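File shown: coords15.cif. Contents: mmCIF, C-alpha atoms and all ligand atoms.
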data_coords
#
loop_
_atom_site.label_atom_id
_atom_site.label_comp_id
_atom_site.auth_asym_id
_atom_site.auth_seq_id
_atom_site.Cartn_x
_atom_site.Cartn_y
_atom_site.Cartn_z
CA MET A 19 -19.54 25.57 21.34
CA SER A 20 -22.19 23.36 22.95
CA ILE A 21 -22.63 19.79 21.74
CA TYR A 22 -25.85 20.74 19.95
CA GLU A 23 -24.20 23.71 18.26
CA LYS A 24 -21.35 21.47 17.06
CA VAL A 25 -23.73 18.83 15.77
CA ILE A 26 -25.91 21.36 13.98
CA THR A 27 -22.94 23.21 12.46
CA MET A 28 -21.43 20.00 11.08
CA GLY A 29 -24.80 18.68 9.88
CA HIS A 30 -25.04 15.45 11.89
CA GLU A 31 -28.33 13.60 12.09
CA GLN A 32 -27.72 11.69 15.29
CA VAL A 33 -25.04 11.25 17.93
CA VAL A 34 -25.46 8.43 20.42
CA PHE A 35 -23.56 7.95 23.69
CA PHE A 36 -23.41 4.39 25.00
CA SER A 37 -22.10 3.32 28.38
CA ASP A 38 -22.00 0.00 30.19
CA PRO A 39 -20.20 0.25 33.54
CA THR A 40 -20.17 -3.56 33.96
CA CYS A 41 -17.48 -3.83 31.26
CA ASN A 42 -16.17 -0.23 31.23
CA LEU A 43 -17.67 0.54 27.84
CA LYS A 44 -17.88 4.17 26.80
CA ALA A 45 -18.67 4.62 23.14
CA ILE A 46 -19.93 7.39 20.88
CA VAL A 47 -21.58 6.70 17.53
CA ALA A 48 -21.95 9.65 15.15
CA ILE A 49 -24.33 9.29 12.22
CA HIS A 50 -23.63 12.19 9.92
CA ASP A 51 -25.91 11.74 6.92
CA THR A 52 -28.05 8.85 5.72
CA THR A 53 -29.45 10.44 2.56
CA LEU A 54 -27.72 7.90 0.31
CA GLY A 55 -28.16 4.88 2.61
CA PRO A 56 -27.24 3.65 6.06
CA ALA A 57 -24.16 5.18 7.64
CA LEU A 58 -21.08 3.01 7.31
CA GLY A 59 -17.75 3.65 8.98
CA GLY A 60 -15.33 1.92 11.32
CA THR A 61 -15.06 1.93 15.09
CA ARG A 62 -11.83 3.35 16.50
CA MET A 63 -10.56 2.56 20.01
CA TRP A 64 -8.35 5.25 21.50
CA GLN A 65 -7.28 6.56 24.88
CA TYR A 66 -8.53 10.09 24.33
CA ALA A 67 -7.23 12.81 26.64
CA SER A 68 -10.82 13.95 27.21
CA GLU A 69 -14.39 13.13 26.24
CA GLU A 70 -14.47 16.39 24.25
CA GLU A 71 -11.55 15.15 22.17
CA ALA A 72 -13.34 11.85 21.50
CA LEU A 73 -16.47 13.70 20.43
CA ARG A 74 -14.50 16.03 18.15
CA ASP A 75 -12.80 13.06 16.51
CA VAL A 76 -15.99 11.09 15.91
CA LEU A 77 -17.84 14.11 14.51
CA ARG A 78 -14.98 14.90 12.11
CA LEU A 79 -14.44 11.31 10.99
CA SER A 80 -18.14 10.57 10.43
CA LYS A 81 -18.56 13.64 8.23
CA GLY A 82 -15.55 12.51 6.20
CA MET A 83 -17.26 9.14 5.62
CA THR A 84 -20.35 10.86 4.18
CA TYR A 85 -18.20 12.59 1.57
CA LYS A 86 -16.16 9.48 0.80
CA ALA A 87 -19.22 7.26 0.23
CA ALA A 88 -20.96 9.96 -1.80
CA VAL A 89 -18.11 10.68 -4.19
CA SER A 90 -17.41 6.96 -4.58
CA GLY A 91 -20.94 6.39 -5.89
CA LEU A 92 -21.90 4.12 -2.97
CA HIS A 93 -25.45 3.81 -1.65
CA LEU A 94 -24.20 4.55 1.83
CA GLY A 95 -24.18 7.39 4.28
CA GLY A 96 -21.44 8.48 6.65
CA GLY A 97 -20.90 7.41 10.22
CA LYS A 98 -18.15 6.53 12.60
CA ALA A 99 -17.77 5.37 16.19
CA VAL A 100 -15.18 5.67 18.92
CA ILE A 101 -14.68 3.55 22.01
CA ILE A 102 -12.89 5.51 24.71
CA GLY A 103 -10.29 3.26 26.31
CA ASP A 104 -6.83 1.78 26.23
CA PRO A 105 -6.77 -0.92 23.54
CA LYS A 106 -3.96 -2.70 25.39
CA LYS A 107 -5.83 -2.96 28.72
CA ASP A 108 -9.54 -2.37 28.25
CA LYS A 109 -10.53 -4.82 25.51
CA SER A 110 -12.70 -7.80 26.49
CA GLU A 111 -15.27 -10.08 24.94
CA ALA A 112 -17.87 -8.55 27.30
CA LEU A 113 -17.06 -5.01 26.12
CA PHE A 114 -17.40 -5.83 22.43
CA ARG A 115 -20.56 -7.89 22.91
CA SER A 116 -22.11 -5.09 24.92
CA TYR A 117 -21.11 -2.65 22.19
CA GLY A 118 -22.63 -4.99 19.58
CA ARG A 119 -25.95 -5.00 21.48
CA PHE A 120 -25.97 -1.22 21.53
CA LEU A 121 -25.31 -1.12 17.79
CA GLU A 122 -28.16 -3.56 17.22
CA SER A 123 -30.49 -1.07 18.92
CA LEU A 124 -29.74 1.43 16.11
CA ASN A 125 -31.68 -0.85 13.79
CA GLY A 126 -29.29 -0.72 10.83
CA ARG A 127 -28.89 3.05 10.65
CA TYR A 128 -25.19 2.55 11.40
CA ILE A 129 -22.98 -0.29 10.15
CA THR A 130 -19.57 -0.65 11.70
CA ALA A 131 -16.20 -2.07 10.61
CA GLU A 132 -12.56 -2.07 11.78
CA ASP A 133 -10.66 1.15 12.30
CA VAL A 134 -7.58 2.05 14.35
CA ASN A 135 -6.96 -0.52 17.15
CA ILE A 136 -9.96 -2.70 16.23
CA THR A 137 -9.10 -6.13 14.86
CA VAL A 138 -11.02 -8.87 13.06
CA ASP A 139 -11.16 -10.74 16.41
CA ASP A 140 -12.92 -7.77 18.04
CA ILE A 141 -15.32 -7.61 15.10
CA GLU A 142 -16.13 -11.30 15.67
CA HIS A 143 -17.42 -10.47 19.18
CA ILE A 144 -19.52 -7.57 17.85
CA TYR A 145 -20.90 -9.85 15.13
CA VAL A 146 -22.29 -12.26 17.74
CA GLU A 147 -24.72 -9.52 18.79
CA THR A 148 -25.47 -7.65 15.58
CA SER A 149 -25.39 -8.28 11.86
CA ASN A 150 -24.81 -4.58 11.19
CA VAL A 151 -21.09 -5.04 10.84
CA VAL A 152 -18.72 -5.55 7.90
CA GLY A 153 -15.08 -6.51 7.72
CA VAL A 154 -15.87 -9.87 9.28
CA ALA A 155 -13.60 -12.84 8.62
CA LYS A 156 -13.62 -14.40 5.15
CA ILE A 157 -14.87 -17.73 6.56
CA ARG A 158 -18.04 -15.90 7.65
CA GLY A 159 -18.64 -14.42 4.21
CA GLY A 160 -16.59 -11.31 4.89
CA SER A 161 -14.07 -9.65 2.63
CA GLY A 162 -10.79 -10.09 4.54
CA ASN A 163 -7.80 -7.73 4.41
CA PRO A 164 -8.79 -4.46 2.65
CA ALA A 165 -5.22 -3.27 1.87
CA PRO A 166 -4.88 -4.84 -1.63
CA TYR A 167 -8.23 -3.30 -2.61
CA THR A 168 -7.32 0.09 -1.22
CA ALA A 169 -4.03 -0.11 -3.15
CA LEU A 170 -5.86 -1.02 -6.36
CA GLY A 171 -8.04 2.08 -6.00
CA VAL A 172 -4.99 4.27 -5.41
CA PHE A 173 -3.41 2.75 -8.51
CA ARG A 174 -6.51 3.57 -10.59
CA GLY A 175 -6.36 7.15 -9.28
CA LEU A 176 -2.68 7.27 -10.20
CA GLU A 177 -3.46 6.04 -13.73
CA ALA A 178 -6.11 8.77 -14.07
CA SER A 179 -3.55 11.33 -12.89
CA CYS A 180 -1.02 10.10 -15.49
CA THR A 181 -3.71 10.40 -18.18
CA GLN A 182 -4.45 13.94 -17.08
CA VAL A 183 -0.81 15.07 -17.02
CA TRP A 184 0.84 13.03 -19.78
CA GLY A 185 -2.09 11.75 -21.87
CA ASP A 186 -1.14 8.12 -21.18
CA ARG A 187 -2.51 6.17 -18.22
CA SER A 188 0.49 3.90 -17.79
CA PRO A 189 3.06 4.84 -15.12
CA SER A 190 5.68 2.88 -17.08
CA GLY A 191 9.01 4.69 -17.00
CA LYS A 192 7.83 7.17 -14.34
CA THR A 193 9.61 7.59 -11.01
CA VAL A 194 7.40 7.32 -7.93
CA ALA A 195 8.56 8.56 -4.50
CA LEU A 196 6.64 6.41 -2.03
CA GLN A 197 6.33 7.54 1.58
CA GLY A 198 5.36 4.48 3.65
CA VAL A 199 5.42 0.88 2.54
CA GLY A 200 3.04 -0.58 5.13
CA SER A 201 -0.08 -2.59 4.26
CA VAL A 202 -1.27 -0.33 1.42
CA GLY A 203 2.07 1.16 0.33
CA PHE A 204 3.58 -2.28 -0.16
CA GLU A 205 0.62 -3.52 -2.23
CA LEU A 206 0.77 -0.32 -4.30
CA SER A 207 4.49 -0.74 -4.91
CA LYS A 208 3.84 -4.24 -6.30
CA LEU A 209 1.36 -2.78 -8.82
CA LEU A 210 3.73 0.06 -9.74
CA HIS A 211 6.60 -2.37 -10.24
CA GLU A 212 4.45 -4.69 -12.39
CA HIS A 213 3.54 -1.69 -14.56
CA GLY A 214 7.12 -0.58 -15.12
CA ALA A 215 7.43 2.36 -12.72
CA LYS A 216 10.67 3.10 -10.90
CA ILE A 217 10.23 3.24 -7.11
CA ILE A 218 12.12 5.32 -4.58
CA PHE A 219 10.73 4.64 -1.10
CA THR A 220 11.05 5.44 2.56
CA ASP A 221 9.72 4.05 5.82
CA ILE A 222 10.60 4.00 9.51
CA SER A 223 9.83 0.30 10.05
CA GLU A 224 12.87 -1.95 9.59
CA LYS A 225 10.53 -4.88 8.95
CA ASN A 226 8.67 -3.12 6.15
CA ILE A 227 11.89 -1.79 4.60
CA ALA A 228 13.31 -5.32 4.56
CA ARG A 229 10.12 -6.67 2.94
CA MET A 230 10.44 -4.14 0.12
CA LYS A 231 14.10 -4.95 -0.42
CA GLU A 232 13.27 -8.63 -0.61
CA HIS A 233 10.29 -8.37 -2.98
CA ILE A 234 11.30 -5.41 -5.13
CA PRO A 235 15.12 -5.31 -5.12
CA SER A 236 15.20 -2.57 -7.78
CA ALA A 237 13.39 -0.14 -5.44
CA GLU A 238 15.73 2.42 -3.93
CA PHE A 239 15.53 3.34 -0.23
CA VAL A 240 15.98 6.93 1.01
CA ASP A 241 15.99 8.28 4.54
CA PRO A 242 12.51 9.49 5.70
CA SER A 243 13.80 13.06 5.95
CA LYS A 244 14.81 13.04 2.24
CA ILE A 245 11.65 11.74 0.57
CA TYR A 246 10.29 15.22 -0.24
CA ASP A 247 13.49 16.20 -2.07
CA VAL A 248 13.56 13.21 -4.40
CA GLU A 249 13.56 13.98 -8.15
CA CYS A 250 10.40 12.16 -9.22
CA ASP A 251 7.30 12.31 -11.41
CA ILE A 252 4.81 11.23 -8.73
CA PHE A 253 4.92 11.74 -4.97
CA SER A 254 2.84 9.12 -3.16
CA PRO A 255 2.05 9.68 0.55
CA CYS A 256 1.06 6.30 2.02
CA ALA A 257 2.00 6.80 5.68
CA LEU A 258 0.49 9.60 7.73
CA GLY A 259 -1.84 12.52 7.10
CA ALA A 260 -0.79 16.18 6.65
CA SER A 261 2.36 15.36 4.67
CA ILE A 262 1.59 18.30 2.35
CA ASN A 263 2.19 21.26 4.64
CA ASP A 264 3.92 24.64 4.80
CA ASP A 265 7.32 23.02 5.38
CA THR A 266 7.15 20.36 2.67
CA ILE A 267 5.20 21.88 -0.22
CA ASP A 268 8.13 23.73 -1.78
CA ARG A 269 10.35 20.66 -1.60
CA ILE A 270 8.05 18.44 -3.69
CA LYS A 271 9.52 17.94 -7.17
CA SER A 272 6.75 15.87 -8.76
CA LYS A 273 3.99 16.71 -11.25
CA ILE A 274 1.49 14.57 -9.31
CA VAL A 275 0.67 13.90 -5.64
CA CYS A 276 -1.26 10.66 -5.37
CA GLY A 277 -1.26 8.32 -2.39
CA ALA A 278 -3.33 6.31 0.09
CA ALA A 279 -2.94 8.41 3.22
CA ASN A 280 -6.02 10.10 4.64
CA ASN A 281 -6.07 13.91 4.91
CA GLN A 282 -2.84 14.49 2.99
CA LEU A 283 -3.35 18.25 2.91
CA ASP A 284 -2.47 19.77 6.25
CA LYS A 285 -4.77 22.72 5.58
CA ASP A 286 -7.40 23.18 2.87
CA TYR A 287 -5.37 25.98 1.29
CA HIS A 288 -2.61 23.51 0.44
CA GLY A 289 -4.90 22.28 -2.36
CA GLU A 290 -4.78 25.74 -3.92
CA GLU A 291 -1.02 25.95 -3.29
CA LEU A 292 -0.43 22.68 -5.18
CA LYS A 293 -2.54 23.99 -8.06
CA LYS A 294 -0.48 27.21 -8.18
CA ARG A 295 2.69 25.11 -8.44
CA ASN A 296 1.14 23.11 -11.29
CA ILE A 297 1.17 19.89 -9.25
CA LEU A 298 -1.90 17.72 -9.81
CA TYR A 299 -3.42 16.44 -6.57
CA ALA A 300 -5.37 13.17 -6.75
CA PRO A 301 -8.34 13.41 -4.33
CA ASP A 302 -7.25 11.34 -1.31
CA TYR A 303 -10.61 10.25 0.04
CA LEU A 304 -11.82 9.10 -3.38
CA ILE A 305 -8.74 7.19 -4.47
CA ASN A 306 -8.34 5.45 -1.09
CA ALA A 307 -12.00 4.33 -1.08
CA GLY A 308 -11.17 0.85 -2.45
CA GLY A 309 -11.28 -0.63 1.06
CA LEU A 310 -14.70 0.93 1.70
CA MET A 311 -16.02 -0.28 -1.66
CA ASN A 312 -14.72 -3.74 -0.84
CA VAL A 313 -16.58 -4.04 2.48
CA SER A 314 -19.70 -2.36 1.11
CA ILE A 315 -20.59 -5.44 -0.92
CA GLU A 316 -20.42 -7.88 1.99
CA PHE A 317 -24.19 -7.67 2.51
CA GLU A 318 -25.00 -8.74 -1.03
CA GLY A 319 -22.32 -11.48 -1.04
CA TRP A 320 -18.69 -10.46 -1.45
CA SER A 321 -16.66 -11.58 -4.45
CA ASP A 322 -13.19 -10.54 -5.54
CA SER A 323 -14.24 -9.81 -9.13
CA LYS A 324 -17.25 -7.71 -8.07
CA SER A 325 -15.04 -5.73 -5.75
CA ARG A 326 -12.37 -5.11 -8.40
CA ARG A 327 -14.97 -4.03 -10.96
CA MET A 328 -16.32 -1.48 -8.54
CA ILE A 329 -12.87 -0.18 -7.64
CA ASP A 330 -11.98 0.22 -11.34
CA SER A 331 -14.59 3.02 -11.43
CA ILE A 332 -12.17 5.20 -9.43
CA TYR A 333 -10.29 5.83 -12.70
CA ASN A 334 -13.25 7.58 -14.38
CA THR A 335 -14.45 9.34 -11.24
CA THR A 336 -10.98 10.80 -10.70
CA LEU A 337 -10.99 12.11 -14.28
CA ASP A 338 -14.48 13.58 -13.72
CA ILE A 339 -13.16 15.44 -10.67
CA PHE A 340 -10.19 16.78 -12.62
CA LYS A 341 -12.65 18.04 -15.25
CA LEU A 342 -14.84 19.70 -12.63
CA SER A 343 -11.73 21.24 -11.09
CA ASN A 344 -10.77 22.72 -14.48
CA ASP A 345 -14.28 23.74 -15.54
CA GLU A 346 -15.03 25.55 -12.29
CA ALA A 347 -11.46 26.72 -11.59
CA LEU A 348 -11.42 24.96 -8.24
CA PRO A 349 -8.55 23.18 -6.51
CA VAL A 350 -9.07 19.40 -6.71
CA ASN A 351 -9.87 19.03 -3.01
CA GLU A 352 -12.71 21.56 -3.31
CA ALA A 353 -13.99 20.00 -6.55
CA THR A 354 -14.16 16.62 -4.79
CA ASP A 355 -16.22 18.05 -1.93
CA ARG A 356 -18.48 19.77 -4.44
CA MET A 357 -19.11 16.55 -6.35
CA ALA A 358 -20.00 14.72 -3.13
CA GLU A 359 -22.32 17.51 -1.96
CA ARG A 360 -24.10 17.69 -5.33
CA ARG A 361 -24.83 13.97 -5.30
CA ILE A 362 -26.26 14.10 -1.78
CA ALA A 363 -28.34 17.19 -2.60
CA SER A 364 -29.78 15.56 -5.74
CA ILE A 365 -30.82 12.40 -3.89
CA LYS A 366 -32.24 14.41 -1.00
CA GLU A 367 -34.46 16.16 -3.51
CA ILE A 368 -35.69 12.87 -5.03
CA LYS A 369 -36.35 11.37 -1.61
CA THR A 370 -38.57 14.23 -0.61
CA THR A 371 -40.61 13.74 -3.77
CA THR A 372 -40.96 10.17 -5.04
CA LEU A 373 -38.48 7.45 -4.21
CA GLY A 374 -38.53 7.19 -0.44
CA ASN A 375 -35.71 5.73 1.58
CA VAL A 376 -32.97 3.72 -0.15
CA ALA A 377 -31.99 2.06 3.12
CA HIS A 378 -34.18 -0.96 2.26
CA ARG A 379 -31.34 -2.05 -0.05
CA PHE A 380 -29.36 -2.94 3.09
CA PRO A 381 -31.72 -5.11 5.10
CA GLY A 382 -28.85 -6.38 7.26
CA ARG A 383 -27.41 -9.85 7.16
CA SER A 384 -28.90 -12.50 9.39
CA ASN A 385 -26.32 -13.93 11.79
CA LYS A 386 -28.81 -15.90 13.79
P1 LIG A 401 0.29 0.90 7.85
O1 LIG A 401 0.40 1.29 9.29
O2 LIG A 401 0.25 -0.54 7.49
O3 LIG A 401 1.47 1.57 7.01
C1 LIG A 401 1.97 2.85 7.24
C2 LIG A 401 3.49 2.78 6.99
O4 LIG A 401 4.00 4.09 7.10
C3 LIG A 401 4.22 1.90 8.00
O5 LIG A 401 5.10 1.03 7.32
C4 LIG A 401 4.97 2.93 8.86
O6 LIG A 401 6.19 2.41 9.37
C5 LIG A 401 5.20 4.02 7.85
N1 LIG A 401 5.49 5.33 8.44
C6 LIG A 401 4.95 5.88 9.54
N2 LIG A 401 5.49 7.10 9.76
C7 LIG A 401 6.35 7.32 8.75
C8 LIG A 401 7.21 8.40 8.41
N3 LIG A 401 7.27 9.51 9.16
N4 LIG A 401 7.96 8.30 7.29
C9 LIG A 401 7.91 7.19 6.52
N5 LIG A 401 7.13 6.12 6.80
C10 LIG A 401 6.36 6.20 7.91
O7 LIG A 401 -1.02 1.67 7.34
P2 LIG A 401 -1.82 1.37 5.99
O8 LIG A 401 -3.00 0.52 6.33
O9 LIG A 401 -0.89 0.97 4.92
O10 LIG A 401 -2.40 2.82 5.69
C11 LIG A 401 -1.56 3.83 5.13
C12 LIG A 401 -2.37 5.12 4.99
O11 LIG A 401 -3.49 4.88 4.15
C13 LIG A 401 -2.94 5.65 6.31
O12 LIG A 401 -2.95 7.05 6.27
C14 LIG A 401 -4.35 5.12 6.30
O13 LIG A 401 -5.22 5.94 7.07
C15 LIG A 401 -4.69 5.21 4.82
N6 LIG A 401 -5.74 4.26 4.41
C16 LIG A 401 -5.59 2.93 4.58
C17 LIG A 401 -6.59 2.06 4.18
C18 LIG A 401 -6.46 0.56 4.33
O14 LIG A 401 -7.21 -0.18 3.68
N7 LIG A 401 -5.51 0.06 5.11
C19 LIG A 401 -7.78 2.57 3.60
C20 LIG A 401 -7.90 3.96 3.41
C21 LIG A 401 -6.87 4.80 3.83
#
Represent the structure contained in this file as structure tokens.
Amino acid sequence: MSIYEKVITMGHEQVVFFSDPTCNLKAIVAIHDTTLGPALGGTRMWQYASEEEALRDVLRLSKGMTYKAAVSGLHLGGGKAVIIGDPKKDKSEALFRSYGRFLESLNGRYITAEDVNITVDDIEHIYVETSNVVGVAKIRGGSGNPAPYTALGVFRGLEASCTQVWGDRSPSGKTVALQGVGSVGFELSKLLHEHGAKIIFTDISEKNIARMKEHIPSAEFVDPSKIYDVECDIFSPCALGASINDDTIDRIKSKIVCGAANNQLDKDYHGEELKKRNILYAPDYLINAGGLMNVSIEFEGWSDSKSRRMIDSIYNTTLDIFKLSNDEALPVNEATDRMAERRIASIKEIKTTTLGNVAHRFPGRSNK
């Protein structure tokens, strides 16, 4: 497929290629849809095997951000960027400042943030050149580490799932099999423990296993290869994507799958397969949107309480999606996409009639 065919098929508005040979910058920004507001999504730095692979990744990730922002009720569109390079060797102040100048030329249509291999220090260099960036350091009015907020959103999704299955939102007395106790998984396990759940966990990082054992001694460790076979009420994937796949789906013993990981379903049909097995799937890209919600309020002045209030809404939205899934006999993953698409379509209709562009709500923060 040609680049234009790909872009048209996936519905992107704009794809921009930036290069600056003086600092070896090669970046692609993909703006998928700005119906709801300016496109927000992180920049990822990766040593892609080819430019085609980088383009494929940025197109896929930016479309995902459109759906995530839409279903989360944010006034934001979807975008993402990739910098092609080795994060260990190719990072420099010059590269990030050059990248920041390029982003500034997009005039606020795309707002960036951290993603894989991009740190708060890198963001600081970008921020010198453009105000269209979030995830900046707390001392500059930013929102700091997103993991506790992401975990709070996952916890709200988990409460909604408990309500749906057992008629009681509390996970007290339930057994949760947690795959991955990194930044988000560890924060989630603290919330689960506080609320009386029993935790069985796995990880491959000795450091993160030791941290769990120190902070939550009652949590039981199992080998990574055994986590799918654990007798539990809730299976919570908080490590990598695609953990629900052809090999694992029949091993899962829980009534609920609810975790932080992105793209938990290896293939779309695994949503239907979970439904057939009477396992409730909490929509991954909604319940892990706490981090996105948290950075989205940086422009209006971030506060912890404002962020938590917003993230609490994940409980009701998750229940709404379960209802839509039941009403329209759709697997939860398809119901989530449908809800996102309906919101975008309804605003698109209004914008072509009366309201005009909502992007004025994000004038950009002055960093001058
Ligand atoms: P992290 O790297 O801090 O934690 C991941 C943990 O999983 C690590 O402890 C790692 O050792 C462990 N792990 C990796 N492979 C494993 C395996 N095969 N078996 C068991 N454990 C394994 O990452 P994170 O920031 O906690 O993110 C976790 C997931 O949530 C990722 O999929 C991420 O994309 C998603 N997510 C994170 C955020 C955020 O705010 N950090 C927001 C949205 C989505």
>> As a quick test: using all atoms listed in the file, which residues lie no more than 9 Å away from ligand LIG 401 (chain A)? Give them as a VMD selection string.
In response: chain A and resid 133 to 134 163 to 169 196 to 205 219 to 227 241 to 243 245 255 to 259 261 277 to 282 302 to 303 305 to 310
>> Given only C-alpha atoms as the basis, pick out the residue of A:Leu58, A:Ile270, A:Ala48, A:Leu94 nearest to Leu298 (chain A).
In response: A:Ile270
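Minimum distance to Arg361 (chain A) across A:Gly103, A:Gly95, A:Gly82, A:Gly118 (counting all atoms listed in the file) occurs at A:Gly95.
Within 12 Å of the point (-13.0, -14.7, 9.1), and counting all atoms listed in the file, the protein, DNA and RNA residues are Thr137, Val138, Asp139, Asp140, Ile141, Glu142, His143, Tyr145, Val152, Gly153, Val154, Ala155, Lys156, Ile157, Arg158, Gly159, Gly160, Ser161, Gly162 and Asn163 of chain A.
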> What gap, in Å, lies between CA of Leu92 (chain A) and CA of Gly55 (chain A)?
Replying inline: 8.4 Å
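Across the model, the gap from CA of Ala260 (chain A) to CA of Asn296 (chain A) is 19.3 Å.
Across the model, the gap from CA of Ile49 (chain A) to CA of Ile362 (chain A) is 14.9 Å.
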>> Give me, as number ranges by chain, all polymer residues having an atom no more than 12 Å from Phe35 (chain A), counting all atoms listed in the file and skipping those fewer than 5 positions away in the same chain.
In response: A: 43-49, 69, 72-73, 76, 99-102, 117, 120-121, 124
> Which residues, written as a count of residues only, have at least one atom at most 9 Å from Asp322 (chain A), with only C-alpha atoms counted and residues fewer than 4 positions away on the same chain left out?
Replying inline: 4
> Using all atoms listed in the file, which residues sit within 8 Å of region 232-240 of chain A once same-chain residues fewer than 6 positions away are excluded, as a PyMOL selection string?
Replying inline: chain A and resi 208+211+216-220
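Closest approach to Ile329 (chain A) from the set A:Leu209, A:Val248, A:Ile144, A:Val172 is made by A:Val172, with distances taken over all atoms listed in the file.
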May I have the residues within 12 Å of Thr40 (chain A) as a JSON list (two decimals) with C-alpha atoms, in the frame of the given file, using only C-alpha atoms and disregarding those fewer than 5 positions away in the same chain?
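Done, and the output landed in result_8.json:
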[["chain", "number", "residue", "atom", "x", "y", "z"],
["A", 110, "SER", "CA", -12.70, -7.80, 26.49],
["A", 112, "ALA", "CA", -17.87, -8.55, 27.30],
["A", 113, "LEU", "CA", -17.06, -5.01, 26.12],
["A", 115, "ARG", "CA", -20.56, -7.89, 22.91],
["A", 116, "SER", "CA", -22.11, -5.09, 24.92],
["A", 117, "TYR", "CA", -21.11, -2.65, 22.19]]
>> Excluding region 179-182 of chain A and its own-chain neighbours fewer than 6 positions away, which residues fall within 12 Å of it when counting all atoms listed in the file? Please give them as a ChimeraX atom specification.
In response: /A:172-173,188-194,215,251-254,272-277,297-301,305,332-341,343-344,350
Taking all atoms of region 337-351 of chain A that the file lists, what box with edges along x, y and z, padded by 5 Å per side, do you get, with centre and edge lengths in Å to one decimal, as lines of an AutoDock Vina configuration file?
center_x = -11.8
center_y = 19.4
center_z = -9.3
size_x = 16.5
size_y = 24.6
size_z = 22.5
> Of the candidates A:Ala363, A:Met311, A:Arg295, A:Gly185, which one gets nearest to Met83 (chain A) if we count all atoms listed in the file?
Replying inline: A:Met311
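Distance check against Arg360 (chain A) using only C-alpha atoms: of A:Val183, A:Tyr85, A:Asp75, A:Val33, the minimum falls on A:Tyr85.
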